[in-house]
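Have a look at coords.pdb below; it lists PDB, C-alpha atoms and all ligand atoms.
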ATOM      1  CA  MET P   3     -41.239   4.600 -29.193  1.00  0.00           C
ATOM      2  CA  ALA P   4     -43.236   1.401 -29.002  1.00  0.00           C
ATOM      3  CA  LYS P   5     -43.414  -1.717 -31.082  1.00  0.00           C
ATOM      4  CA  GLN P   6     -46.172  -4.247 -30.489  1.00  0.00           C
ATOM      5  CA  GLY P   7     -46.867  -2.600 -27.150  1.00  0.00           C
ATOM      6  CA  VAL P   8     -43.298  -3.035 -25.805  1.00  0.00           C
ATOM      7  CA  PRO P   9     -41.610   0.317 -25.089  1.00  0.00           C
ATOM      8  CA  LEU P  10     -38.190   0.708 -26.657  1.00  0.00           C
ATOM      9  CA  MET P  11     -35.105   2.587 -25.583  1.00  0.00           C
ATOM     10  CA  ARG P  12     -31.629   3.176 -26.932  1.00  0.00           C
ATOM     11  CA  GLU P  13     -29.107   0.563 -25.887  1.00  0.00           C
ATOM     12  CA  ARG P  14     -25.893   1.746 -24.204  1.00  0.00           C
ATOM     13  CA  ILE P  15     -22.834   0.140 -25.756  1.00  0.00           C
ATOM     14  CA  CYS P  16     -19.693  -0.055 -23.642  1.00  0.00           C
ATOM     15  CA  ALA P  17     -16.583   1.452 -25.261  1.00  0.00           C
ATOM     16  CA  GLY P  18     -14.475  -1.268 -23.602  1.00  0.00           C
ATOM     17  CA  GLU P  19     -11.914   1.223 -22.255  1.00  0.00           C
ATOM     18  CA  GLY P  20     -12.108   0.026 -18.660  1.00  0.00           C
ATOM     19  CA  ASN P  21     -12.565   3.557 -17.344  1.00  0.00           C
ATOM     20  CA  CYS P  22     -15.274   2.469 -14.910  1.00  0.00           C
ATOM     21  CA  CYS P  23     -12.883  -0.237 -13.621  1.00  0.00           C
ATOM     22  CA  LYS P  24     -10.327   2.521 -12.937  1.00  0.00           C
ATOM     23  CA  ASN P  25     -12.647   5.168 -11.553  1.00  0.00           C
ATOM     24  CA  LEU P  26     -15.499   3.500  -9.701  1.00  0.00           C
ATOM     25  CA  TYR P  27     -15.686   1.704  -6.393  1.00  0.00           C
ATOM     26  CA  LEU P  28     -17.702  -1.435  -6.894  1.00  0.00           C
ATOM     27  CA  VAL P  29     -20.167  -2.779  -4.328  1.00  0.00           C
ATOM     28  CA  LEU P  30     -20.329  -6.589  -4.348  1.00  0.00           C
ATOM     29  CA  GLN P  31     -23.395  -8.735  -3.821  1.00  0.00           C
ATOM     30  CA  LEU P  32     -23.322 -12.199  -2.281  1.00  0.00           C
ATOM     31  CA  ALA P  33     -24.038 -13.831  -5.671  1.00  0.00           C
ATOM     32  CA  ASP P  34     -21.042 -11.968  -7.218  1.00  0.00           C
ATOM     33  CA  ILE P  35     -18.756 -13.252  -4.477  1.00  0.00           C
ATOM     34  CA  ARG P  36     -20.057 -16.811  -4.813  1.00  0.00           C
ATOM     35  CA  ARG P  37     -19.532 -16.759  -8.608  1.00  0.00           C
ATOM     36  CA  ILE P  38     -16.002 -15.345  -8.404  1.00  0.00           C
ATOM     37  CA  CYS P  39     -15.012 -17.824  -5.683  1.00  0.00           C
ATOM     38  CA  ARG P  40     -16.354 -20.729  -7.711  1.00  0.00           C
ATOM     39  CA  HIS P  41     -14.545 -19.751 -10.910  1.00  0.00           C
ATOM     40  CA  THR P  42     -11.237 -18.542  -9.466  1.00  0.00           C
ATOM     41  CA  GLY P  43     -10.908 -20.634  -6.306  1.00  0.00           C
ATOM     42  CA  LEU P  44     -10.014 -17.455  -4.408  1.00  0.00           C
ATOM     43  CA  HIS P  45     -11.013 -17.070  -0.774  1.00  0.00           C
ATOM     44  CA  PRO P  46     -13.347 -14.044  -0.430  1.00  0.00           C
ATOM     45  CA  ARG P  47     -10.792 -12.163   1.686  1.00  0.00           C
ATOM     46  CA  LYS P  48      -8.456 -12.116  -1.342  1.00  0.00           C
ATOM     47  CA  PHE P  49     -10.767  -9.887  -3.372  1.00  0.00           C
ATOM     48  CA  VAL P  50     -13.424  -8.476  -1.055  1.00  0.00           C
ATOM     49  CA  ARG P  51     -12.593  -5.346   0.877  1.00  0.00           C
ATOM     50  CA  LEU P  52     -14.694  -4.107   3.757  1.00  0.00           C
ATOM     51  CA  PHE P  53     -14.947  -0.388   3.016  1.00  0.00           C
ATOM     52  CA  ALA P  54     -15.791   1.867   5.932  1.00  0.00           C
ATOM     53  CA  LEU P  55     -18.925   3.925   5.329  1.00  0.00           C
ATOM     54  CA  GLY P  56     -17.850   7.148   3.670  1.00  0.00           C
ATOM     55  CA  GLU P  57     -14.931   5.598   1.767  1.00  0.00           C
ATOM     56  CA  PHE P  58     -17.041   5.435  -1.375  1.00  0.00           C
ATOM     57  CA  GLU P  59     -17.178   8.924  -2.837  1.00  0.00           C
ATOM     58  CA  GLU P  60     -20.529  10.567  -3.598  1.00  0.00           C
ATOM     59  CA  GLU P  61     -22.486   7.491  -2.592  1.00  0.00           C
ATOM     60  CA  ASP P  62     -25.354   7.119  -0.231  1.00  0.00           C
ATOM     61  CA  HIS P  63     -25.680   3.598   1.070  1.00  0.00           C
ATOM     62  CA  GLU P  64     -29.419   3.332   1.366  1.00  0.00           C
ATOM     63  CA  GLU P  65     -29.536   0.237  -0.832  1.00  0.00           C
ATOM     64  CA  ASP P  66     -26.320  -1.416   0.330  1.00  0.00           C
ATOM     65  CA  ALA P  67     -26.063  -4.008   3.085  1.00  0.00           C
ATOM     66  CA  VAL P  68     -24.110  -2.541   6.025  1.00  0.00           C
ATOM     67  CA  VAL P  69     -21.917  -5.076   7.845  1.00  0.00           C
ATOM     68  CA  GLN P  70     -21.562  -4.337  11.574  1.00  0.00           C
ATOM     69  CA  LEU P  71     -18.130  -5.112  12.979  1.00  0.00           C
ATOM     70  CA  LYS P  72     -16.781  -4.507  16.455  1.00  0.00           C
ATOM     71  CA  SER P  73     -14.647  -1.675  15.118  1.00  0.00           C
ATOM     72  CA  ARG P  74     -16.754  -0.156  12.332  1.00  0.00           C
ATOM     73  CA  GLN P  75     -19.633  -0.364   9.887  1.00  0.00           C
ATOM     74  CA  CYS P  76     -18.754  -1.307   6.331  1.00  0.00           C
ATOM     75  CA  ILE P  77     -19.833  -2.263   2.833  1.00  0.00           C
ATOM     76  CA  MET P  78     -18.479  -5.166   0.764  1.00  0.00           C
ATOM     77  CA  GLY P  79     -16.658  -4.025  -2.381  1.00  0.00           C
ATOM     78  CA  THR P  80     -13.818  -5.198  -4.625  1.00  0.00           C
ATOM     79  CA  ARG P  81     -10.293  -4.618  -3.374  1.00  0.00           C
ATOM     80  CA  ARG P  82      -8.245  -1.981  -5.207  1.00  0.00           C
ATOM     81  CA  ARG P  83      -4.792  -2.251  -6.725  1.00  0.00           C
ATOM     82  CA  ARG P  84      -2.925   0.805  -8.056  1.00  0.00           C
ATOM     83  CA  GLY P  85      -6.173   2.681  -7.441  1.00  0.00           C
ATOM     84  CA  TRP P  86      -8.104   0.409  -9.820  1.00  0.00           C
ATOM     85  CA  CYS P  87     -10.451  -2.490  -9.302  1.00  0.00           C
ATOM     86  CA  LEU P  88      -8.282  -5.479  -8.377  1.00  0.00           C
ATOM     87  CA  PHE P  89      -9.524  -7.436 -11.391  1.00  0.00           C
ATOM     88  CA  PHE P  90      -8.621  -4.783 -13.970  1.00  0.00           C
ATOM     89  CA  ASN P  91      -5.337  -5.826 -15.582  1.00  0.00           C
ATOM     90  CA  GLY P  92      -4.763  -2.633 -17.578  1.00  0.00           C
ATOM     91  CA  HIS P  93      -6.445  -3.973 -20.715  1.00  0.00           C
ATOM     92  CA  GLY P  94      -9.496  -5.835 -19.545  1.00  0.00           C
ATOM     93  CA  CYS P  95     -11.217  -7.672 -16.738  1.00  0.00           C
ATOM     94  CA  ASP P  96      -9.713 -10.901 -15.363  1.00  0.00           C
ATOM     95  CA  VAL P  97     -13.167 -12.147 -14.324  1.00  0.00           C
ATOM     96  CA  TYR P  98     -15.088 -10.845 -17.335  1.00  0.00           C
ATOM     97  CA  PRO P  99     -17.252 -13.970 -18.036  1.00  0.00           C
ATOM     98  CA  PHE P 100     -18.511 -13.950 -14.455  1.00  0.00           C
ATOM     99  CA  LYS P 101     -18.052 -10.302 -13.537  1.00  0.00           C
ATOM    100  CA  PRO P 102     -20.240  -8.657 -10.877  1.00  0.00           C
ATOM    101  CA  LEU P 103     -23.776  -7.721 -11.833  1.00  0.00           C
ATOM    102  CA  HIS P 104     -23.162  -4.000 -11.365  1.00  0.00           C
ATOM    103  CA  CYS P 105     -20.443  -4.190 -14.037  1.00  0.00           C
ATOM    104  CA  ASP P 106     -23.009  -5.744 -16.395  1.00  0.00           C
ATOM    105  CA  ILE P 107     -25.496  -2.983 -15.752  1.00  0.00           C
ATOM    106  CA  TYR P 108     -23.196   0.037 -15.898  1.00  0.00           C
ATOM    107  CA  PRO P 109     -23.647   2.743 -17.302  1.00  0.00           C
ATOM    108  CA  VAL P 110     -27.342   2.303 -16.611  1.00  0.00           C
ATOM    109  CA  ASP P 111     -28.845   3.059 -13.220  1.00  0.00           C
ATOM    110  CA  TYR P 112     -32.333   2.925 -11.718  1.00  0.00           C
ATOM    111  CA  GLN P 113     -34.445   5.244  -9.653  1.00  0.00           C
ATOM    112  CA  TYR P 114     -37.776   4.340  -8.105  1.00  0.00           C
ATOM    113  CA  VAL P 115     -40.145   7.283  -7.912  1.00  0.00           C
ATOM    114  CA  GLY P 116     -43.817   7.065  -6.993  1.00  0.00           C
ATOM    115  CA  GLY P 117     -44.083   3.383  -7.902  1.00  0.00           C
ATOM    116  CA  ARG P 118     -42.385   3.919 -11.278  1.00  0.00           C
ATOM    117  CA  THR P 119     -38.944   2.739 -12.361  1.00  0.00           C
ATOM    118  CA  LEU P 120     -36.798   5.360 -14.065  1.00  0.00           C
ATOM    119  CA  ILE P 121     -33.887   4.039 -16.118  1.00  0.00           C
ATOM    120  CA  LYS P 122     -31.063   6.562 -16.119  1.00  0.00           C
ATOM    121  CA  HIS P 123     -27.846   6.749 -18.086  1.00  0.00           C
ATOM    122  CA  HIS P 124     -24.718   7.729 -16.176  1.00  0.00           C
ATOM    123  CA  ARG P 125     -22.802  10.487 -17.928  1.00  0.00           C
ATOM    124  CA  GLU P 126     -19.374  10.613 -16.314  1.00  0.00           C
ATOM    125  CA  LYS P 127     -16.874  12.477 -18.481  1.00  0.00           C
ATOM    126  CA  TRP P 128     -14.548   9.466 -18.683  1.00  0.00           C
ATOM    127  CA  CYS P 129     -17.319   7.088 -19.898  1.00  0.00           C
ATOM    128  CA  HIS P 130     -17.428   6.893 -23.696  1.00  0.00           C
ATOM    129  CA  ALA P 131     -20.259   4.354 -23.951  1.00  0.00           C
ATOM    130  CA  ARG P 132     -22.299   5.209 -27.006  1.00  0.00           C
ATOM    131  CA  PHE P 133     -25.978   4.923 -27.774  1.00  0.00           C
ATOM    132  CA  GLY P 134     -26.877   1.968 -29.989  1.00  0.00           C
ATOM    133  CA  GLY P 135     -30.139   0.958 -31.638  1.00  0.00           C
ATOM    134  CA  LEU P 136     -33.558   0.635 -30.085  1.00  0.00           C
ATOM    135  CA  ILE P 137     -34.138  -2.389 -27.863  1.00  0.00           C
ATOM    136  CA  PRO P 138     -37.110  -3.449 -25.702  1.00  0.00           C
ATOM    137  CA  VAL P 139     -36.947  -1.684 -22.355  1.00  0.00           C
ATOM    138  CA  THR P 140     -37.568  -5.082 -20.716  1.00  0.00           C
ATOM    139  CA  LYS P 141     -33.863  -5.953 -21.099  1.00  0.00           C
ATOM    140  CA  TYR P 142     -32.899  -3.232 -18.635  1.00  0.00           C
ATOM    141  CA  LEU P 143     -35.938  -3.808 -16.440  1.00  0.00           C
ATOM    142  CA  GLU P 144     -35.017  -7.487 -16.055  1.00  0.00           C
ATOM    143  CA  LEU P 145     -31.441  -6.579 -15.131  1.00  0.00           C
ATOM    144  CA  GLY P 146     -32.788  -4.106 -12.564  1.00  0.00           C
ATOM    145  CA  GLU P 147     -35.086  -6.746 -11.076  1.00  0.00           C
ATOM    146  CA  ARG P 148     -32.185  -9.215 -10.875  1.00  0.00           C
ATOM    147  CA  CYS P 149     -30.149  -6.568  -9.123  1.00  0.00           C
ATOM    148  CA  ASP P 150     -32.977  -5.985  -6.599  1.00  0.00           C
ATOM    149  CA  ARG P 151     -33.221  -9.721  -5.891  1.00  0.00           C
ATOM    150  CA  GLU P 152     -29.462 -10.050  -5.366  1.00  0.00           C
ATOM    151  CA  GLN P 153     -29.401  -7.007  -3.102  1.00  0.00           C
ATOM    152  CA  ALA P 154     -32.254  -8.480  -1.039  1.00  0.00           C
ATOM    153  CA  ARG P 155     -30.347 -11.787  -0.672  1.00  0.00           C
ATOM    154  CA  THR P 156     -27.203  -9.955   0.366  1.00  0.00           C
ATOM    155  CA  GLN P 157     -29.202  -7.912   2.863  1.00  0.00           C
ATOM    156  CA  ARG P 158     -30.668 -11.067   4.431  1.00  0.00           C
ATOM    157  CA  PHE P 159     -27.204 -12.620   4.757  1.00  0.00           C
ATOM    158  CA  VAL P 160     -25.746  -9.475   6.322  1.00  0.00           C
ATOM    159  CA  ASP P 161     -28.751  -9.109   8.665  1.00  0.00           C
ATOM    160  CA  ARG P 162     -28.109 -12.666   9.858  1.00  0.00           C
ATOM    161  CA  TRP P 163     -24.439 -11.923  10.509  1.00  0.00           C
ATOM    162  CA  ASN P 164     -25.296  -8.683  12.332  1.00  0.00           C
ATOM    163  CA  ARG P 165     -27.829 -10.496  14.503  1.00  0.00           C
ATOM    164  CA  LEU P 166     -25.596 -13.490  15.325  1.00  0.00           C
ATOM    165  CA  SER P 167     -22.475 -11.424  15.989  1.00  0.00           C
ATOM    166  CA  GLY P 168     -24.345  -8.759  17.942  1.00  0.00           C
ATOM    167  CA  GLY P 169     -22.079  -6.125  16.355  1.00  0.00           C
ATOM    168  CA  ARG P 170     -19.044  -7.576  18.168  1.00  0.00           C
ATOM    169  CA  GLY P 171     -17.517  -9.665  15.358  1.00  0.00           C
ATOM    170  CA  THR P 172     -14.126  -9.070  13.789  1.00  0.00           C
ATOM    171  CA  ALA P 173     -13.312  -8.784  10.070  1.00  0.00           C
ATOM    172  CA  ALA P 174     -11.574 -12.205  10.197  1.00  0.00           C
ATOM    173  CA  GLU P 175     -14.704 -13.811  11.665  1.00  0.00           C
ATOM    174  CA  PHE P 176     -16.877 -12.133   9.057  1.00  0.00           C
ATOM    175  CA  PHE P 177     -14.694 -13.470   6.227  1.00  0.00           C
ATOM    176  CA  ASP P 178     -14.918 -16.999   7.678  1.00  0.00           C
ATOM    177  CA  TYR P 179     -18.705 -16.644   7.827  1.00  0.00           C
ATOM    178  CA  LEU P 180     -18.802 -15.295   4.254  1.00  0.00           C
ATOM    179  CA  ALA P 181     -16.561 -18.093   2.935  1.00  0.00           C
ATOM    180  CA  GLN P 182     -18.861 -20.666   4.514  1.00  0.00           C
ATOM    181  CA  GLU P 183     -21.949 -18.986   3.035  1.00  0.00           C
ATOM    182  CA  VAL P 184     -20.552 -18.965  -0.527  1.00  0.00           C
ATOM    183  CA  GLY P 185     -19.320 -22.555  -0.223  1.00  0.00           C
ATOM    184  CA  TRP P 186     -15.576 -21.821  -0.483  1.00  0.00           C
ATOM    185  CA  ARG P 187     -13.504 -24.894   0.344  1.00  0.00           C
ATOM    186  CA  SER P 188      -9.830 -25.052   1.245  1.00  0.00           C
ATOM    187  CA  GLU P 189      -9.106 -27.343  -1.729  1.00  0.00           C
ATOM    188  CA  ASP P 190     -10.255 -24.470  -3.998  1.00  0.00           C
ATOM    189  CA  ARG P 191      -6.907 -22.839  -3.183  1.00  0.00           C
ATOM    190  CA  ARG P 192      -5.229 -25.038  -5.771  1.00  0.00           C
ATOM    191  CA  ARG P 193      -7.310 -23.489  -8.561  1.00  0.00           C
ATOM    192  CA  ALA P 194      -6.525 -20.015  -7.228  1.00  0.00           C
ATOM    193  CA  GLY P 195      -2.943 -20.627  -8.286  1.00  0.00           C
ATOM    194  CA  ASN P 196      -4.130 -19.923 -11.850  1.00  0.00           C
ATOM    195  CA  CYS P 197      -5.700 -16.603 -11.002  1.00  0.00           C
ATOM    196  CA  ASP P 198      -3.532 -13.522 -11.260  1.00  0.00           C
ATOM    197  CA  VAL P 199      -4.633 -11.468  -8.262  1.00  0.00           C
TER     198      VAL P 199
HETATM  199  S1  LIG P 201     -14.861  -6.689 -11.897  1.00  0.00           S
HETATM  200 FE1  LIG P 201     -14.057  -6.506 -13.976  1.00  0.00          FE
HETATM  201  S2  LIG P 201     -15.581  -5.283 -15.135  1.00  0.00           S
HETATM  202 FE2  LIG P 201     -16.015  -5.004 -12.954  1.00  0.00          FE
HETATM  203  S3  LIG P 201     -14.909  -3.128 -12.324  1.00  0.00           S
HETATM  204 FE3  LIG P 201     -13.537  -4.887 -11.906  1.00  0.00          FE
HETATM  205  S4  LIG P 201     -12.258  -5.119 -13.748  1.00  0.00           S
HETATM  206 FE4  LIG P 201     -14.047  -3.833 -14.307  1.00  0.00          FE
END
Could you show the structure in this file as structure tokens?
Ligand code: SF4
Amino acid sequence: MAKQGVPLMRERICAGEGNCCKNLYLVLQLADIRRICRHTGLHPRKFVRLFALGEFEEEDHEEDAVVQLKSRQCIMGTRRRRGWCLFFNGHGCDVYPFKPLHCDIYPVDYQYVGGRTLIKHHREKWCHARFGGLIPVTKYLELGERCDREQARTQRFVDRWNRLSGGRGTAAEFFDYLAQEVGWRSEDRRRAGNCDV
């Protein structure tokens, strides 16, 4: 499967049913939080939840940045409402044009084995994404590289917090630190009045 030397693979086309928004817990990267804050005016604490390790089912957290708080260790993810992602309104995503990177990538996932990148397709029974035509594999590789870069940035930010707080910070202090990092300003609250979360 190669055309002019570029390997091809079948594209995955989302069925648009929102089943991943209902079923999956979503880890957020710093760039996701910054983008959502900028577009909605929401303070990070309104949509970021600090999940205790182990709250995400069937997940190892090797690649996720672990925030150290006085009371627990946690991962940044989207808050849930009625068991769904907070931004899922029953028909679609309220932040679709600037949704988190992991939502863009799903249902594709990556594994790094012996210096090679394996692109995998998730096959949960509730996901009805279909296979489309052949596309250059570079599309998915570029998304994977972007994901790696964003994870590395998030890790550096969280490392800084962990170092400065010495593992004795509270959730409220962490959210203040996060809001400062993503450039949230109190006047952004006015815009948040338009956002339905
Ligand atoms: S942010 Fe949007 S696309 Fe992503 S899980 Fe939530 S509702 Fe779905």
Worksheet item: Closest to Gln157 in chain P among P:Gly18, P:Asp66, P:Arg36, P:Gly43, using all atoms listed in the file?
Response: P:Asp66
Worksheet item: To one decimal place, how far is CA of His63 in chain P from CA of Thr80 in chain P in Å?
Response: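 Interatomic distance here is 15.8 Å.
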Practice prompt. Please return, as a PyMOL selection string, all polymer residues that have at least one atom within 7 Å of the point (-10.2, -1.2, 0.6); use only C-alpha atoms and the file's own coordinate frame.
Written response: chain P and resi 51-53+81-82
Discussion item. Residue by residue, what does the PyMOL selection byres (((chain P and resi 103-112) around 7) and not hetatm) grab here? Present the result as a PyMOL selection string.
Written reply: chain P and resi 34+101-102+113-114+119-124+145
Item to complete: Could you tell me which residues the PyMOL selection byres (((not hetatm)) within 6 of (chain P and resi 201)) grabs in this file, written as a PyMOL selection string?
Response: chain P and resi 23+87+89-90+95+97-98+101-102+105
Worksheet item: Mind pulling up the distance from CA of Trp86 in chain P to CA of Arg47 in chain P?
Response: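 According to the coordinates, CA of Arg47 in chain P and CA of Trp86 in chain P are separated by 17.3 Å.
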Fill in: Given the PyMOL selection byres (((chain P and resi 177-191) around 9) and not hetatm), the residues it picks as number ranges by chain
P: 32-33, 35-37, 39-40, 42-47, 50, 159, 163, 172-176, 192-195
Practice prompt. Would you work out the distance separating CA of Gly85 in chain P from CA of Lys24 in chain P, expressed in Å to one decimal?
Written response: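 For CA of Gly85 in chain P relative to CA of Lys24 in chain P, the distance reads 6.9 Å.
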Discussion item. So that I can see what lies close to range 129-144 of chain P, please list as a list of chain:residue names the residues with an atom at most 7 Å from it, counting only C-alpha atoms and leaving out residues fewer than 6 positions away in the same chain.
Written reply: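 Surrounding residues, per the criterion: P:Val8, P:Pro9, P:Leu10, P:Met11, P:Arg12, P:Glu13, P:Arg14, P:Ile15, P:Cys16, P:Ala17, P:Asn21.
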Residue selection dump (C-alpha atoms) as a PDB file, keeping the file's coordinate frame:
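Saved as selection.pdb:
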ATOM      1  CA  VAL P   8     -43.298  -3.035 -25.805  1.00  0.00           C
ATOM      2  CA  PRO P   9     -41.610   0.317 -25.089  1.00  0.00           C
ATOM      3  CA  LEU P  10     -38.190   0.708 -26.657  1.00  0.00           C
ATOM      4  CA  MET P  11     -35.105   2.587 -25.583  1.00  0.00           C
ATOM      5  CA  ARG P  12     -31.629   3.176 -26.932  1.00  0.00           C
ATOM      6  CA  GLU P  13     -29.107   0.563 -25.887  1.00  0.00           C
ATOM      7  CA  ARG P  14     -25.893   1.746 -24.204  1.00  0.00           C
ATOM      8  CA  ILE P  15     -22.834   0.140 -25.756  1.00  0.00           C
ATOM      9  CA  CYS P  16     -19.693  -0.055 -23.642  1.00  0.00           C
ATOM     10  CA  ALA P  17     -16.583   1.452 -25.261  1.00  0.00           C
ATOM     11  CA  ASN P  21     -12.565   3.557 -17.344  1.00  0.00           C
TER      12      ASN P  21
END
Discussion item. When you count all atoms listed in the file, which of these residues is closest to Ile77 in chain P: P:Ala54, P:Pro99, P:Gly92, P:Gly116?
Written reply: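 Once distances to Ile77 in chain P are computed over all atoms listed in the file, the minimum belongs to P:Ala54.
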Since the input lacks some atoms of range 115-126 of chain P, please model N, CA and C atoms and print them as a PDB file, in the frame of the given file.
ATOM      1  N   VAL P 115     -39.434   6.064  -8.322  1.00  0.00           N
ATOM      2  CA  VAL P 115     -40.145   7.283  -7.912  1.00  0.00           C
ATOM      3  C   VAL P 115     -41.638   7.052  -8.065  1.00  0.00           C
ATOM      4  N   GLY P 116     -42.357   7.181  -6.945  1.00  0.00           N
ATOM      5  CA  GLY P 116     -43.817   7.065  -6.993  1.00  0.00           C
ATOM      6  C   GLY P 116     -44.300   5.791  -7.661  1.00  0.00           C
ATOM      7  N   GLY P 117     -43.643   4.667  -7.351  1.00  0.00           N
ATOM      8  CA  GLY P 117     -44.083   3.383  -7.902  1.00  0.00           C
ATOM      9  C   GLY P 117     -43.630   3.156  -9.340  1.00  0.00           C
ATOM     10  N   ARG P 118     -42.859   4.092  -9.894  1.00  0.00           N
ATOM     11  CA  ARG P 118     -42.385   3.919 -11.278  1.00  0.00           C
ATOM     12  C   ARG P 118     -40.868   3.728 -11.276  1.00  0.00           C
ATOM     13  N   THR P 119     -40.392   2.944 -12.233  1.00  0.00           N
ATOM     14  CA  THR P 119     -38.944   2.739 -12.361  1.00  0.00           C
ATOM     15  C   THR P 119     -38.414   3.666 -13.442  1.00  0.00           C
ATOM     16  N   LEU P 120     -37.445   4.499 -13.074  1.00  0.00           N
ATOM     17  CA  LEU P 120     -36.798   5.360 -14.065  1.00  0.00           C
ATOM     18  C   LEU P 120     -35.451   4.757 -14.409  1.00  0.00           C
ATOM     19  N   ILE P 121     -35.185   4.563 -15.692  1.00  0.00           N
ATOM     20  CA  ILE P 121     -33.887   4.039 -16.118  1.00  0.00           C
ATOM     21  C   ILE P 121     -33.035   5.224 -16.539  1.00  0.00           C
ATOM     22  N   LYS P 122     -31.913   5.387 -15.863  1.00  0.00           N
ATOM     23  CA  LYS P 122     -31.063   6.562 -16.119  1.00  0.00           C
ATOM     24  C   LYS P 122     -29.760   6.117 -16.776  1.00  0.00           C
ATOM     25  N   HIS P 123     -29.166   7.008 -17.514  1.00  0.00           N
ATOM     26  CA  HIS P 123     -27.846   6.749 -18.086  1.00  0.00           C
ATOM     27  C   HIS P 123     -26.832   7.600 -17.326  1.00  0.00           C
ATOM     28  N   HIS P 124     -25.797   6.954 -16.801  1.00  0.00           N
ATOM     29  CA  HIS P 124     -24.718   7.729 -16.176  1.00  0.00           C
ATOM     30  C   HIS P 124     -24.014   8.523 -17.262  1.00  0.00           C
ATOM     31  N   ARG P 125     -23.500   9.679 -16.924  1.00  0.00           N
ATOM     32  CA  ARG P 125     -22.802  10.487 -17.928  1.00  0.00           C
ATOM     33  C   ARG P 125     -21.488  11.033 -17.375  1.00  0.00           C
ATOM     34  N   GLU P 126     -20.676  10.149 -16.785  1.00  0.00           N
ATOM     35  CA  GLU P 126     -19.374  10.613 -16.314  1.00  0.00           C
ATOM     36  C   GLU P 126     -18.516  10.991 -17.521  1.00  0.00           C
TER      37      GLU P 126
END
